[in-house]
Each structure stands twice: as C-alpha cells, then as structure tokens.
Amino acid sequence: MRVGEVKRSTSETGIDLSINLDGSGTSQVDSGVPFLNHMLDLLARHALVDLTLRAEGDTEVDDHHTVEDIGICLGHSIKQALGDKKGVARYGHAVVPMDEALVLVAIDLSGRSCLAYEVNLTSPRVGSFDTELVEEFLRALVTNSGLTMHVKMLAGKNVHHIIEAIFKGLGRALRAACALDPRETGIPSTKGML
C-alpha cells in the first residue's frame with residue numbers, strides 16, 4: 001500500500017493527515033473549515049484515495065494558516081506515498097464540467113514544483129470561505145509534493161461551481177498520474193528518476 005502520514009504542529013495549526021493512494025475514495029475530514037472539508041471529500045472521492053485529516057487552527061483570525069498548512073501536509077504525504085515513483089503513469093489530466101463551469105487540471109509527477117493557475121474567481125467569498133485560498137492551497141500542495149500542475153478555467157460564472165470543478169479535476173488528474181501502469185517497469189523518465 002502506498003501510504004503517506006504527516007503530523008505538523010506550529011503555533012498556528014496542528015494537523016494530522018494520512019493518505020492511501022491505493023484506497024477506495026473514502027474520507028474522514030475535519031479541517032475546521034467547512035467549505036474545505038467539502039472540497040477535500042470531493043478530491044478523495046474522485047482520486048480514489050483514502051484521506052484522513054484532523055486539523056485545528058487559528059480560524060478565529062482567518063482560515064489562511066489552516067488551509068495553507070493542510071496543503072503543505074497533503075503535499076508531503078503524497079510525496080511520501082509515491083516513494084521513488086516506480087511504475088506510475090506520471091501524467092494525469094482531467095477536463096471537468098460542473099454545470100456552467102469547465103476547468104482543466106493537468107499534473108506531472110515531475111519532482112519539479114510548478115503551479116500555473118489561470119482562474120478568475122469573481123467573488124471574494126463562497127459562504128465564509130475566502131476564495132483566494134484556493135490558489136494558496138494548491139501552491140502549498142505543489143511546492144511540498146514536487147508536482148507540476150496546470151489549472152485553467154475554460155468557462156464559468158458561479159464561483160462555487162468553478163472551485164468544485166478544480167477539486168474534482170485535481171482528484172481525477174491525481175488518480176491518473178498515480179496509477180500503476182502494468183507496462184511501466186521502472187521510473188517513467190529518460191533521466192531514470194523523478
């Protein structure tokens with residue numbers, strides 16, 4: 001089983017997170033940020049990973065530290081679970097519709113952290129959730145996992161739908177990239193490492 005577990009404790013947050021890349025899409029998520037709980041449940045379901053998260057943070061200030069630190073921990077846990085990446089498909093992409101919204105997410109398990117984020121969220125909030133935290137979460141995830149990720153909004157007006165399409169797309173792309181390819185016997189790179 002490809003499993004990653006991370007515990008992180010700072011003066012701002014306390015996080016306990018585990019992921020099983022060979023799971024069935026179950027999640028037990030308590031981030032302290034209700035909208036993020038919903039998005040992480042979607043991510044786990046569409047990636048077919050098992051995700052367990054318990055986080056406490058200084059949400060009385062705002063959700064920024066908690067959301068970013070969860071991204072950090074998720075990135076570390078994915079990197080740990082992938083190990084040397086032997087036998088993985090490496091690349092994954094998805095174009096996900098959510099009603100009027102359409103989002104493309106493409107990832108490469110390259111070992112080189114890069115986020116290209118082309119999304120125009122026209123509302124600063126969905127409920128009490130600060131929408132600029134979507135990019136912060138993704139940047140923390142990419143930086144700490146070594147992923148290259150492109151997120152491009154192709155259509156959309158409803159901000160909730162756009163964000164939901166991003167997380168579902170991330171799940172589907174991650175599922176494809178982390179899948180074990182029966183024809184791949186080594187590291188999928190001419191360099192011999194990722």
# chains A, B, ... in the order shown; residues from 1 in each chain; ligands from 1

call {"tool": "select_by_dssp", "arguments": {"residues": "region 22-159 of chain A", "states": "helix (DSSP H, G or I)", "output": "tab-separated table (two decimals) with C-alpha atoms, in the first residue's frame"}}
result
chain	number	residue	atom	x	y	z
A	34	PRO	CA	-16.39	23.58	6.37
A	35	PHE	CA	-16.04	24.51	2.69
A	36	LEU	CA	-12.56	22.95	2.56
A	37	ASN	CA	-13.97	19.78	4.17
A	38	HIS	CA	-16.40	19.53	1.26
A	39	MET	CA	-13.66	20.10	-1.34
A	40	LEU	CA	-11.31	17.54	0.23
A	41	ASP	CA	-14.12	14.96	0.34
A	42	LEU	CA	-14.61	15.55	-3.40
A	43	LEU	CA	-10.87	15.28	-4.03
A	44	ALA	CA	-10.61	11.96	-2.19
A	45	ARG	CA	-13.66	10.51	-3.92
A	46	HIS	CA	-12.51	11.42	-7.43
A	47	ALA	CA	-8.87	10.46	-6.83
A	64	HIS	CA	-5.44	31.19	5.75
A	65	HIS	CA	-2.96	29.37	8.01
A	66	THR	CA	-5.14	26.28	8.29
A	67	VAL	CA	-5.82	25.98	4.55
A	68	GLU	CA	-2.19	26.58	3.56
A	69	ASP	CA	-0.82	24.18	6.19
A	70	ILE	CA	-3.23	21.45	5.08
A	71	GLY	CA	-1.91	21.94	1.54
A	72	ILE	CA	1.63	21.57	2.89
A	73	CYS	CA	0.76	18.35	4.73
A	74	LEU	CA	-1.16	16.88	1.80
A	75	GLY	CA	1.82	17.61	-0.46
A	76	HIS	CA	4.27	15.92	1.92
A	77	SER	CA	2.00	12.90	2.34
A	78	ILE	CA	1.57	12.42	-1.43
A	79	LYS	CA	5.34	12.66	-1.95
A	80	GLN	CA	5.92	10.13	0.82
A	81	ALA	CA	3.29	7.73	-0.53
A	82	LEU	CA	4.71	7.87	-4.07
A	133	LEU	CA	-7.25	30.48	-0.53
A	134	VAL	CA	-7.84	28.00	-3.38
A	135	GLU	CA	-4.64	29.17	-5.06
A	136	GLU	CA	-2.79	29.24	-1.72
A	137	PHE	CA	-3.83	25.65	-1.03
A	138	LEU	CA	-2.76	24.48	-4.48
A	139	ARG	CA	0.58	26.31	-4.28
A	140	ALA	CA	1.34	24.70	-0.90
A	141	LEU	CA	0.35	21.28	-2.26
A	142	VAL	CA	2.52	21.66	-5.37
A	143	THR	CA	5.53	23.06	-3.51
A	144	ASN	CA	5.58	20.23	-0.99
A	145	SER	CA	4.77	17.33	-3.30
A	159	VAL	CA	-17.63	30.58	-8.07

call {"tool": "residues_around", "arguments": {"residues": "Met193 (chain A)", "least_positions_apart": "4", "cutoff": "10 Å", "atoms": "only C-alpha atoms", "output": "list in words"}}
result
Asp84, Lys85, Lys86, Ser110, Gly111, Gly186, Ile187, Pro188 and Ser189 of chain A

call {"tool": "closest_atom_pairs", "arguments": {"of": "region 15-103 of chain A", "to": "region 149-155 of chain A", "cutoff": "8 Å", "atoms": "only C-alpha atoms", "output": "JSON lines"}}
result
{"residue": "A:Glu100", "atom": "CA", "partner": "A:Ala155", "partner_atom": "CA", "distance": 6.9}
{"residue": "A:Ala101", "atom": "CA", "partner": "A:Ala155", "partner_atom": "CA", "distance": 5.0}
{"residue": "A:Leu102", "atom": "CA", "partner": "A:Ala155", "partner_atom": "CA", "distance": 4.9}
{"residue": "A:Val103", "atom": "CA", "partner": "A:Met153", "partner_atom": "CA", "distance": 4.5}

call {"tool": "write_last_selection", "arguments": {"atoms": "all heavy atoms", "output": "PDB file, in the first residue's frame"}}
result
ATOM      1  N   GLU A 100     -22.336  25.164 -15.459  1.00  0.00           N
ATOM      2  CA  GLU A 100     -21.801  26.084 -16.474  1.00  0.00           C
ATOM      3  C   GLU A 100     -20.280  26.219 -16.422  1.00  0.00           C
ATOM      4  O   GLU A 100     -19.659  26.771 -17.330  1.00  0.00           O
ATOM      5  CB  GLU A 100     -22.456  27.468 -16.330  1.00  0.00           C
ATOM      6  CG  GLU A 100     -21.773  28.439 -15.383  1.00  0.00           C
ATOM      7  CD  GLU A 100     -21.664  28.005 -13.923  1.00  0.00           C
ATOM      8  OE1 GLU A 100     -22.409  27.098 -13.478  1.00  0.00           O
ATOM      9  OE2 GLU A 100     -20.823  28.575 -13.218  1.00  0.00           O
ATOM     10  N   ALA A 101     -19.659  25.718 -15.366  1.00  0.00           N
ATOM     11  CA  ALA A 101     -18.205  25.834 -15.193  1.00  0.00           C
ATOM     12  C   ALA A 101     -17.495  24.675 -15.897  1.00  0.00           C
ATOM     13  O   ALA A 101     -18.006  23.553 -15.949  1.00  0.00           O
ATOM     14  CB  ALA A 101     -17.848  25.842 -13.715  1.00  0.00           C
ATOM     15  N   LEU A 102     -16.312  24.975 -16.429  1.00  0.00           N
ATOM     16  CA  LEU A 102     -15.483  23.963 -17.075  1.00  0.00           C
ATOM     17  C   LEU A 102     -14.035  24.273 -16.735  1.00  0.00           C
ATOM     18  O   LEU A 102     -13.548  25.370 -16.992  1.00  0.00           O
ATOM     19  CB  LEU A 102     -15.684  23.989 -18.595  1.00  0.00           C
ATOM     20  CG  LEU A 102     -14.974  22.900 -19.401  1.00  0.00           C
ATOM     21  CD1 LEU A 102     -15.518  21.517 -19.055  1.00  0.00           C
ATOM     22  CD2 LEU A 102     -15.119  23.171 -20.897  1.00  0.00           C
ATOM     23  N   VAL A 103     -13.345  23.295 -16.140  1.00  0.00           N
ATOM     24  CA  VAL A 103     -11.976  23.501 -15.661  1.00  0.00           C
ATOM     25  C   VAL A 103     -11.081  22.364 -16.139  1.00  0.00           C
ATOM     26  O   VAL A 103     -11.476  21.190 -16.080  1.00  0.00           O
ATOM     27  CB  VAL A 103     -11.942  23.588 -14.118  1.00  0.00           C
ATOM     28  CG1 VAL A 103     -10.511  23.632 -13.600  1.00  0.00           C
ATOM     29  CG2 VAL A 103     -12.721  24.805 -13.630  1.00  0.00           C
TER      30      VAL A 103
END

call {"tool": "residues_around", "arguments": {"residues": "Arg175 (chain A)", "least_positions_apart": "6", "cutoff": "12 Å", "atoms": "only C-alpha atoms", "output": "PyMOL selection string"}}
result
chain A and resi 20-25+43-50+78+88-94+105-109+168-169+181

call {"tool": "write_last_selection", "arguments": {"atoms": "N, CA, C and O atoms", "output": "compact mmCIF listing (two decimals), in the first residue's frame"}}
result
# COMPACT_ATOMS: atom_id res chain seq x y z
N ASN A 20 -3.90 7.24 1.52
CA ASN A 20 -3.62 5.95 0.92
C ASN A 20 -3.94 6.09 -0.57
O ASN A 20 -5.12 6.20 -0.95
N LEU A 21 -2.91 6.10 -1.41
CA LEU A 21 -3.10 6.29 -2.85
C LEU A 21 -3.82 5.12 -3.49
O LEU A 21 -4.37 5.25 -4.59
N ASP A 22 -3.84 3.97 -2.83
CA ASP A 22 -4.50 2.78 -3.37
C ASP A 22 -5.81 2.50 -2.64
O ASP A 22 -6.21 1.36 -2.47
N GLY A 23 -6.49 3.57 -2.26
CA GLY A 23 -7.72 3.44 -1.50
C GLY A 23 -8.95 3.30 -2.38
O GLY A 23 -8.87 2.98 -3.57
N SER A 24 -10.09 3.61 -1.78
CA SER A 24 -11.37 3.46 -2.49
C SER A 24 -12.16 4.76 -2.57
O SER A 24 -13.29 4.77 -3.04
N GLY A 25 -11.56 5.85 -2.09
CA GLY A 25 -12.24 7.14 -2.17
C GLY A 25 -12.96 7.55 -0.91
O GLY A 25 -13.81 8.44 -0.94
N LEU A 43 -12.20 15.67 -3.55
CA LEU A 43 -10.87 15.28 -4.03
C LEU A 43 -10.61 13.80 -3.77
O LEU A 43 -10.20 13.06 -4.67
N ALA A 44 -10.85 13.36 -2.55
CA ALA A 44 -10.61 11.96 -2.19
C ALA A 44 -11.47 11.02 -3.02
O ALA A 44 -10.99 10.01 -3.54
N ARG A 45 -12.73 11.36 -3.18
CA ARG A 45 -13.66 10.51 -3.92
C ARG A 45 -13.23 10.36 -5.38
O ARG A 45 -13.24 9.28 -5.95
N HIS A 46 -12.86 11.47 -6.01
CA HIS A 46 -12.51 11.42 -7.43
C HIS A 46 -11.10 10.90 -7.68
O HIS A 46 -10.82 10.38 -8.76
N ALA A 47 -10.21 11.02 -6.70
CA ALA A 47 -8.87 10.46 -6.83
C ALA A 47 -8.84 8.98 -6.45
O ALA A 47 -7.86 8.30 -6.73
N LEU A 48 -9.91 8.50 -5.84
CA LEU A 48 -9.96 7.15 -5.28
C LEU A 48 -8.82 6.92 -4.29
O LEU A 48 -8.19 5.86 -4.27
N VAL A 49 -8.57 7.94 -3.47
CA VAL A 49 -7.63 7.81 -2.36
C VAL A 49 -8.42 7.82 -1.07
O VAL A 49 -9.53 8.35 -1.00
N ASP A 50 -7.86 7.22 -0.05
CA ASP A 50 -8.44 7.32 1.29
C ASP A 50 -7.70 8.43 2.01
O ASP A 50 -6.47 8.43 2.06
N ILE A 78 1.59 12.98 -0.08
CA ILE A 78 1.57 12.42 -1.43
C ILE A 78 2.99 12.05 -1.85
O ILE A 78 3.23 10.96 -2.39
N VAL A 88 4.64 4.27 -11.97
CA VAL A 88 3.48 5.16 -12.07
C VAL A 88 3.27 5.64 -13.50
O VAL A 88 4.20 5.67 -14.31
N ALA A 89 2.06 6.07 -13.80
CA ALA A 89 1.76 6.62 -15.12
C ALA A 89 2.43 7.99 -15.31
O ALA A 89 2.74 8.38 -16.41
N ARG A 90 2.65 8.71 -14.25
CA ARG A 90 3.34 10.00 -14.18
C ARG A 90 2.45 11.19 -14.54
O ARG A 90 2.41 12.16 -13.82
N TYR A 91 1.75 11.13 -15.65
CA TYR A 91 0.93 12.26 -16.10
C TYR A 91 -0.55 11.97 -15.86
O TYR A 91 -0.99 10.83 -15.99
N GLY A 92 -1.28 13.02 -15.56
CA GLY A 92 -2.73 12.89 -15.45
C GLY A 92 -3.39 14.21 -15.77
O GLY A 92 -2.83 15.27 -15.50
N HIS A 93 -4.54 14.13 -16.37
CA HIS A 93 -5.29 15.35 -16.67
C HIS A 93 -6.78 15.06 -16.65
O HIS A 93 -7.21 13.91 -16.80
N ALA A 94 -7.54 16.11 -16.47
CA ALA A 94 -9.00 16.00 -16.49
C ALA A 94 -9.58 17.33 -16.92
O ALA A 94 -9.05 18.39 -16.56
N VAL A 105 -7.46 20.50 -15.42
CA VAL A 105 -6.37 20.29 -14.47
C VAL A 105 -5.44 19.24 -15.07
O VAL A 105 -5.89 18.16 -15.46
N ALA A 106 -4.16 19.58 -15.16
CA ALA A 106 -3.15 18.64 -15.67
C ALA A 106 -1.99 18.60 -14.70
O ALA A 106 -1.55 19.65 -14.22
N ILE A 107 -1.50 17.41 -14.39
CA ILE A 107 -0.37 17.28 -13.46
C ILE A 107 0.69 16.34 -14.01
O ILE A 107 0.42 15.46 -14.83
N ASP A 108 1.91 16.56 -13.53
CA ASP A 108 3.07 15.74 -13.84
C ASP A 108 3.78 15.48 -12.53
O ASP A 108 4.09 16.42 -11.79
N LEU A 109 4.02 14.23 -12.23
CA LEU A 109 4.76 13.86 -11.01
C LEU A 109 6.26 14.04 -11.26
O LEU A 109 7.06 13.15 -11.04
N LYS A 168 -12.46 18.50 -8.13
CA LYS A 168 -12.79 17.23 -8.80
C LYS A 168 -11.75 16.94 -9.89
O LYS A 168 -11.31 15.80 -10.04
N GLY A 169 -11.37 17.98 -10.63
CA GLY A 169 -10.35 17.80 -11.67
C GLY A 169 -9.02 17.38 -11.10
O GLY A 169 -8.33 16.52 -11.65
N ASP A 181 1.08 1.66 -13.88
CA ASP A 181 0.99 1.24 -15.28
C ASP A 181 1.63 -0.14 -15.41
O ASP A 181 2.85 -0.27 -15.19

call {"tool": "atom_distance", "arguments": {"atom1": "CA of Ile166 (chain A)", "atom2": "CA of Pro124 (chain A)"}}
result
16.4 Å

call {"tool": "select_by_dssp", "arguments": {"residues": "region 10-181 of chain A", "states": "strand (DSSP E)", "output": "PyMOL selection string"}}
result
chain A and resi 13-20+27-30+50-57+91-98+101-108+114-118+125-126+129-130+148-155

call {"tool": "atom_distance", "arguments": {"atom1": "CA of Ala177 (chain A)", "atom2": "CA of Glu132 (chain A)"}}
result
26.2 Å

call {"tool": "closest_residue", "arguments": {"among": "A:Ser123, A:Thr52, A:Thr148, A:Ser27", "to": "Ile15 (chain A)", "atoms": "only C-alpha atoms"}}
result
A:Thr52

call {"tool": "residues_around", "arguments": {"residues": "Thr122 (chain A)", "least_positions_apart": "3", "cutoff": "12 Å", "atoms": "only C-alpha atoms", "output": "list in words"}}
result
Val119, Arg125, Val126, Asp130, Thr131, Glu132, Gly156, Lys157, Asn158, Val159, His160, Ile162 and Ile163 of chain A

call {"tool": "atom_distance", "arguments": {"atom1": "CA of Leu51 (chain A)", "atom2": "CA of Ala179 (chain A)"}}
result
16.5 Å

call {"tool": "closest_residue", "arguments": {"among": "A:Pro97, A:Thr13, A:Lys7, A:Thr185", "to": "Asp62 (chain A)", "atoms": "only C-alpha atoms"}}
result
A:Thr13

call {"tool": "closest_residue", "arguments": {"among": "A:Leu194, A:Val33, A:Gly127, A:Arg2", "to": "Ser18 (chain A)", "atoms": "only C-alpha atoms"}}
result
A:Arg2

call {"tool": "decode", "arguments": {"residues": "region 56-75 of chain A", "atoms": "N, CA, C and O atoms", "output": "short mmCIF file (atom, residue, chain, number, x, y, z; two decimals), in the first residue's frame"}}
result
data_model
loop_
_atom_site.label_atom_id
_atom_site.label_comp_id
_atom_site.auth_asym_id
_atom_site.auth_seq_id
_atom_site.Cartn_x
_atom_site.Cartn_y
_atom_site.Cartn_z
N GLU A 56 -6.59 21.56 13.53
CA GLU A 56 -7.03 22.67 14.37
C GLU A 56 -6.16 23.85 14.01
O GLU A 56 -4.94 23.70 13.81
N GLY A 57 -6.78 25.01 13.90
CA GLY A 57 -6.01 26.19 13.52
C GLY A 57 -6.59 27.45 14.09
O GLY A 57 -7.66 27.44 14.72
N ASP A 58 -5.90 28.54 13.86
CA ASP A 58 -6.33 29.84 14.39
C ASP A 58 -7.39 30.47 13.47
O ASP A 58 -7.24 31.57 12.97
N THR A 59 -8.48 29.72 13.27
CA THR A 59 -9.54 30.17 12.38
C THR A 59 -10.28 31.39 12.93
O THR A 59 -11.04 32.03 12.20
N GLU A 60 -10.05 31.70 14.20
CA GLU A 60 -10.64 32.94 14.74
C GLU A 60 -9.97 34.16 14.11
O GLU A 60 -10.55 35.24 14.06
N VAL A 61 -8.73 33.99 13.62
CA VAL A 61 -8.04 35.05 12.88
C VAL A 61 -8.59 35.06 11.46
O VAL A 61 -9.17 36.03 11.00
N ASP A 62 -8.37 33.98 10.74
CA ASP A 62 -8.99 33.66 9.46
C ASP A 62 -8.56 32.24 9.10
O ASP A 62 -7.89 31.57 9.89
N ASP A 63 -8.95 31.78 7.92
CA ASP A 63 -8.69 30.38 7.55
C ASP A 63 -7.36 30.18 6.84
O ASP A 63 -7.00 29.05 6.51
N HIS A 64 -6.63 31.25 6.60
CA HIS A 64 -5.44 31.19 5.75
C HIS A 64 -4.41 30.17 6.24
O HIS A 64 -3.98 29.30 5.48
N HIS A 65 -4.00 30.27 7.50
CA HIS A 65 -2.96 29.37 8.01
C HIS A 65 -3.39 27.91 7.94
O HIS A 65 -2.61 27.04 7.55
N THR A 66 -4.64 27.65 8.29
CA THR A 66 -5.14 26.28 8.29
C THR A 66 -5.16 25.71 6.88
O THR A 66 -4.68 24.59 6.63
N VAL A 67 -5.71 26.47 5.93
CA VAL A 67 -5.82 25.98 4.55
C VAL A 67 -4.44 25.75 3.95
O VAL A 67 -4.17 24.72 3.34
N GLU A 68 -3.54 26.71 4.12
CA GLU A 68 -2.19 26.58 3.56
C GLU A 68 -1.44 25.40 4.19
O GLU A 68 -0.80 24.62 3.49
N ASP A 69 -1.54 25.25 5.51
CA ASP A 69 -0.82 24.18 6.19
C ASP A 69 -1.37 22.80 5.82
O ASP A 69 -0.63 21.82 5.76
N ILE A 70 -2.67 22.72 5.56
CA ILE A 70 -3.23 21.45 5.08
C ILE A 70 -2.67 21.13 3.70
O ILE A 70 -2.33 19.98 3.40
N GLY A 71 -2.54 22.14 2.85
CA GLY A 71 -1.91 21.94 1.54
C GLY A 71 -0.48 21.44 1.68
O GLY A 71 -0.05 20.54 0.95
N ILE A 72 0.26 22.02 2.62
CA ILE A 72 1.63 21.57 2.89
C ILE A 72 1.65 20.10 3.29
O ILE A 72 2.41 19.30 2.74
N CYS A 73 0.79 19.74 4.22
CA CYS A 73 0.76 18.35 4.73
C CYS A 73 0.29 17.37 3.66
O CYS A 73 0.83 16.27 3.55
N LEU A 74 -0.70 17.77 2.87
CA LEU A 74 -1.16 16.88 1.80
C LEU A 74 -0.04 16.67 0.78
O LEU A 74 0.19 15.55 0.31
N GLY A 75 0.70 17.73 0.46
CA GLY A 75 1.82 17.61 -0.46
C GLY A 75 2.88 16.66 0.06
O GLY A 75 3.35 15.77 -0.67
#
